[in-house]
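Structure data follow from structure26.txt (compact mmCIF, C-alpha atoms):
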```
# COMPACT_ATOMS: atom_id res chain seq x y z
CA LEU A 185 9.15 70.07 126.51
CA ALA A 186 7.69 72.93 124.49
CA LYS A 187 4.11 72.57 123.35
CA THR A 188 3.35 72.75 119.65
CA THR A 189 0.33 73.88 117.67
CA GLN A 190 -0.39 72.74 114.13
CA PRO A 191 -3.36 72.88 111.79
CA ILE A 192 -5.54 69.82 112.26
CA SER A 193 -5.78 69.10 108.56
CA MET A 194 -4.72 70.28 105.11
CA ASP A 195 -5.70 69.36 101.58
CA SER A 196 -3.55 69.55 98.48
CA TYR A 197 -3.28 68.21 94.96
CA GLU A 198 -0.58 66.15 93.36
CA GLY A 199 2.38 68.16 92.16
CA GLN A 200 1.79 71.10 94.48
CA GLU A 201 4.09 72.33 97.19
CA VAL A 202 2.72 71.92 100.70
CA ASN A 203 3.78 74.03 103.65
CA ILE A 204 2.79 72.98 107.15
CA THR A 205 3.45 75.50 109.88
CA CYS A 206 3.97 74.66 113.52
CA SER A 207 3.90 77.15 116.39
CA HIS A 208 6.14 76.62 119.41
CA ASN A 209 6.16 79.90 121.30
CA ASN A 210 7.83 78.44 124.39
CA ILE A 211 10.76 76.82 122.62
CA ALA A 212 13.87 76.68 124.79
CA THR A 213 17.38 77.63 123.77
CA ASN A 214 18.56 74.02 123.58
CA ASP A 215 15.44 72.72 121.80
CA TYR A 216 15.51 71.31 118.29
CA ILE A 217 12.54 71.02 115.96
CA THR A 218 11.80 67.62 114.50
CA TRP A 219 9.11 66.47 112.10
CA TYR A 220 7.75 62.96 111.79
CA GLN A 221 5.41 61.39 109.25
CA GLN A 222 2.92 58.68 110.08
CA PHE A 223 0.93 56.53 107.69
CA PRO A 224 -2.18 54.67 108.91
CA SER A 225 -1.37 51.64 111.03
CA GLN A 226 2.36 52.34 110.97
CA GLY A 227 4.83 53.84 113.39
CA PRO A 228 6.03 57.41 112.80
CA ARG A 229 9.01 57.99 110.54
CA PHE A 230 11.60 60.74 110.91
CA ILE A 231 11.48 63.39 108.18
CA ILE A 232 13.75 66.25 109.14
CA GLN A 233 15.28 68.08 112.07
CA GLY A 234 16.64 71.58 112.50
CA TYR A 235 17.68 74.22 114.99
CA LYS A 236 17.58 77.47 113.03
CA THR A 237 17.41 78.94 109.52
CA LYS A 238 16.87 76.33 106.84
CA VAL A 239 17.49 72.63 106.57
CA THR A 240 16.95 70.58 103.44
CA ASN A 241 17.15 66.89 102.74
CA GLU A 242 16.00 64.62 99.95
CA VAL A 243 12.35 64.69 100.99
CA ALA A 244 11.64 68.05 102.62
CA SER A 245 12.82 71.44 103.74
CA LEU A 246 12.46 72.97 107.16
CA PHE A 247 12.29 76.72 107.56
CA ILE A 248 12.88 78.24 110.98
CA PRO A 249 12.70 82.03 111.50
CA ALA A 250 15.17 83.86 113.68
CA ASP A 251 12.92 83.90 116.75
CA ARG A 252 12.36 80.12 116.40
CA LYS A 253 8.81 80.44 117.68
CA SER A 254 7.50 78.67 114.63
CA SER A 255 8.70 76.41 111.86
CA THR A 256 7.44 75.37 108.45
CA LEU A 257 7.79 71.97 106.88
CA SER A 258 7.84 72.23 103.12
CA LEU A 259 7.06 69.24 100.92
CA PRO A 260 7.84 69.91 97.25
CA ARG A 261 5.57 68.46 94.59
CA VAL A 262 3.51 66.16 96.77
CA SER A 263 2.14 62.90 95.50
CA LEU A 264 -0.72 60.70 96.65
CA SER A 265 1.73 58.73 98.76
CA ASP A 266 2.42 61.81 100.87
CA THR A 267 -1.07 61.53 102.37
CA ALA A 268 -0.28 61.05 106.04
CA VAL A 269 -0.23 62.72 109.43
CA TYR A 270 2.71 65.04 110.06
CA TYR A 271 3.88 65.74 113.60
CA CYS A 272 6.01 68.65 114.75
CA LEU A 273 7.97 68.01 117.94
CA VAL A 274 10.24 70.26 119.94
CA GLY A 275 12.84 69.14 122.45
CA PRO A 276 16.53 68.92 123.24
CA TYR A 277 18.78 67.22 120.69
CA ASN A 278 18.86 63.47 121.22
CA THR A 279 15.92 63.73 123.54
CA ASP A 280 14.44 60.34 123.79
CA LYS A 281 11.14 61.22 125.40
CA LEU A 282 8.89 62.63 122.73
CA ILE A 283 5.50 64.13 123.44
CA PHE A 284 3.33 64.15 120.35
CA GLY A 285 0.84 66.91 119.62
CA THR A 286 -2.23 66.56 117.48
CA GLY A 287 -0.37 66.50 114.18
CA THR A 288 -1.57 67.69 110.76
CA ARG A 289 -3.52 65.30 108.59
CA LEU A 290 -2.48 65.97 104.99
CA GLN A 291 -4.74 64.67 102.25
CA VAL A 292 -3.37 64.75 98.71
CA PHE A 293 -5.88 64.50 95.88
CA PRO A 294 -5.19 63.44 92.29
CA GLY B 83 15.13 48.53 106.29
CA ALA B 84 13.44 48.59 109.66
CA VAL B 85 15.74 49.14 112.61
CA VAL B 86 13.04 48.60 115.23
CA SER B 87 10.69 45.68 114.89
CA GLN B 88 7.52 44.82 116.76
CA HIS B 89 5.76 41.51 117.07
CA PRO B 90 3.00 40.67 116.62
CA SER B 91 1.76 43.29 114.17
CA TRP B 92 -1.81 42.50 115.15
CA VAL B 93 -3.45 40.34 117.78
CA ILE B 94 -7.00 39.51 118.76
CA CYS B 95 -7.71 38.15 122.20
CA LYS B 96 -10.58 37.43 124.52
CA SER B 97 -11.41 39.73 127.39
CA GLY B 98 -9.54 38.77 130.54
CA THR B 99 -6.51 37.28 128.83
CA SER B 100 -3.00 38.73 128.73
CA VAL B 101 -1.14 39.74 125.60
CA LYS B 102 2.60 40.26 125.16
CA ILE B 103 4.05 42.59 122.54
CA GLU B 104 7.75 42.53 121.70
CA CYS B 105 9.91 45.42 120.56
CA ARG B 106 13.37 44.71 119.20
CA SER B 107 16.16 46.98 118.06
CA LEU B 108 17.61 45.10 115.12
CA ASP B 109 21.11 46.42 114.62
CA PHE B 110 21.84 48.56 117.62
CA GLN B 111 21.62 48.41 121.37
CA ALA B 112 19.00 50.48 123.10
CA THR B 113 19.25 51.01 126.83
CA THR B 114 16.00 52.92 126.65
CA MET B 115 12.87 52.18 124.69
CA PHE B 116 9.50 53.84 124.78
CA TRP B 117 5.96 52.56 124.54
CA TYR B 118 3.14 54.60 123.04
CA ARG B 119 -0.56 53.97 122.60
CA GLN B 120 -2.63 55.43 119.81
CA PHE B 121 -6.39 55.36 119.50
CA PRO B 122 -8.08 55.86 116.10
CA LYS B 123 -7.75 59.37 114.71
CA GLN B 124 -5.72 60.44 117.72
CA SER B 125 -2.10 61.24 118.38
CA LEU B 126 0.45 59.01 120.04
CA MET B 127 0.35 58.99 123.82
CA LEU B 128 3.49 58.09 125.70
CA MET B 129 2.79 55.30 128.16
CA ALA B 130 6.14 54.48 129.68
CA THR B 131 9.88 54.52 129.39
CA SER B 132 11.50 51.10 129.36
CA ASN B 133 14.95 50.97 130.93
CA GLU B 134 17.27 48.01 130.42
CA GLY B 135 18.00 46.34 133.72
CA SER B 136 15.69 48.48 135.81
CA LYS B 137 12.05 49.26 136.34
CA ALA B 138 10.07 51.09 133.75
CA THR B 139 8.95 54.65 134.32
CA TYR B 140 5.25 55.13 133.72
CA GLU B 141 3.49 58.30 132.65
CA GLN B 142 0.78 59.71 134.85
CA GLY B 143 -2.47 57.83 134.52
CA VAL B 144 -0.93 54.64 133.12
CA GLU B 145 -1.41 51.63 135.38
CA LYS B 146 1.88 49.84 135.89
CA ASP B 147 0.17 46.66 137.04
CA LYS B 148 -1.95 46.68 133.93
CA PHE B 149 0.81 47.32 131.45
CA LEU B 150 3.85 45.30 132.46
CA ILE B 151 7.10 46.31 130.81
CA ASN B 152 10.24 44.22 130.82
CA HIS B 153 13.52 45.31 129.26
CA ALA B 154 15.55 42.17 129.72
CA SER B 155 18.26 42.90 127.18
CA LEU B 156 19.71 45.79 125.22
CA THR B 157 17.73 44.81 122.15
CA LEU B 158 14.38 43.69 123.55
CA SER B 159 11.57 45.31 125.48
CA THR B 160 8.21 43.67 126.04
CA LEU B 161 4.84 45.14 126.90
CA THR B 162 2.30 42.81 128.48
CA VAL B 163 -1.29 43.95 128.66
CA THR B 164 -2.68 42.00 131.57
CA SER B 165 -6.32 41.02 131.91
CA ALA B 166 -7.12 42.86 128.71
CA HIS B 167 -10.53 44.43 128.22
CA PRO B 168 -12.14 45.95 125.15
CA GLU B 169 -11.11 49.45 126.20
CA ASP B 170 -7.49 48.33 125.92
CA SER B 171 -7.97 47.81 122.20
CA SER B 172 -5.54 50.19 120.57
CA PHE B 173 -2.45 50.57 118.41
CA TYR B 174 0.70 50.11 120.49
CA ILE B 175 3.97 51.51 119.19
CA CYS B 176 7.48 51.29 120.57
CA SER B 177 10.51 53.42 119.81
CA ALA B 178 14.22 53.29 120.50
CA ASP B 179 16.92 55.91 120.50
CA ARG B 180 19.92 55.27 118.28
CA SER B 181 21.69 58.40 119.54
CA THR B 182 21.55 59.98 116.10
CA GLY B 183 19.07 62.72 116.93
CA GLU B 184 16.11 60.78 115.61
CA LEU B 185 13.97 58.15 117.20
CA PHE B 186 13.17 54.95 115.36
CA PHE B 187 9.71 53.57 115.75
CA GLY B 188 8.43 50.06 115.36
CA GLU B 189 5.72 49.14 112.89
CA GLY B 190 3.13 49.10 115.64
CA SER B 191 0.95 46.34 117.07
CA ARG B 192 -2.81 46.50 116.79
CA LEU B 193 -4.57 44.90 119.73
CA THR B 194 -8.24 44.00 119.54
CA VAL B 195 -9.88 42.68 122.68
CA LEU B 196 -13.20 40.95 122.17
```

Whole structure given in structure tokens:
Amino acid sequence: LAKTTQPISMDSYEGQEVNITCSHNNIATNDYITWYQQFPSQGPRFIIQGYKTKVTNEVASLFIPADRKSSTLSLPRVSLSDTAVYYCLVGPYNTDKLIFGTGTRLQVFP
Amino acid sequence: GAVVSQHPSWVICKSGTSVKIECRSLDFQATTMFWYRQFPKQSLMLMATSNEGSKATYEQGVEKDKFLINHASLTLSTLTVTSAHPEDSSFYICSADRSTGELFFGEGSRLTVL
């Protein structure tokens, strides 16, 4: 499974757009990129998954450049409730064995 | 609603006792479940893969005799922390694959060993 590198922490204010970038230089051809969100004392929750270009759902967008060596999770207009740790994971589709990296601790201020 | 449920959500026990944590897939069958451990301010660490009807597969450094895993049915996996000690105090999380490309995680179980 490809290793990922993310910023340890980020700060933002309510209403701003937040972009969290993840580096995965050793991503394999059959690897997908998946992001999870974790609140304190809760299990992680799936946010979004993509393979290339751009993916958008009701909560976030995922931008993946052509070389796929990095990806950016974009959270539009964050609120206080978006304060959480965000994990970027890389692995084959439907992989069941996930190895978590350090994650990015996002703090949203009023 | 939750598709993977853990019980108990928190437990306090005395040193030397054993504690069992349950992980249930609520509306789907999971032949494979996973157990993670998370210490404060740290990431999730995969402990073992729980396989229905067979022995669990443990990650390197995880003591199989310490952390007993039983996957007796397609909807239930249990983790038993045997002879618990204060250093075993942690947040234990399970997950199950619903074959949809995303893993579903339980709410977590916080173990405190006195």

### Task
Using all atoms listed in the file, select each residue of chain A with any atom at most 12 Å away from an atom of chain B, and give the selection as number ranges by chain.
A: 192-193, 215-235, 268-289

#### Entry: Interatomic distance, CA of Ser265 in chain A to CA of Val292 in chain A (Å, one decimal)
7.9 Å

### Query
For the atom pair CA of Thr164 in chain B and CA of Ala112 in chain B, what is the interatomic distance in Å to one decimal place?
24.8 Å

### Message
Please return as a PyMOL selection string every residue within 9 Å of (20.3, 46.3, 114.1), taking into account only C-alpha atoms and the file's own coordinates.
### Response
chain B and resi 84-86+106-111+157

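Across the model, the gap from CA of Glu141 in chain B to CA of Val163 in chain B is 15.6 Å.
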
## Note on the structure
Counting all atoms listed in the file, closest pick from B:Ser172, B:Pro90, B:Ser132, B:Ser100 relative to Ser155 in chain B is B:Ser132

Find the axis-aligned box for range 150-158 of chain B, covering all its listed atoms and adding 8 Å on each side, and write its centre and edge lengths in Å to one decimal as JSON.
```
{"center_x": 11.8, "center_y": 44.2, "center_z": 127.3, "size_x": 31.9, "size_y": 20.1, "size_z": 26.3}
```
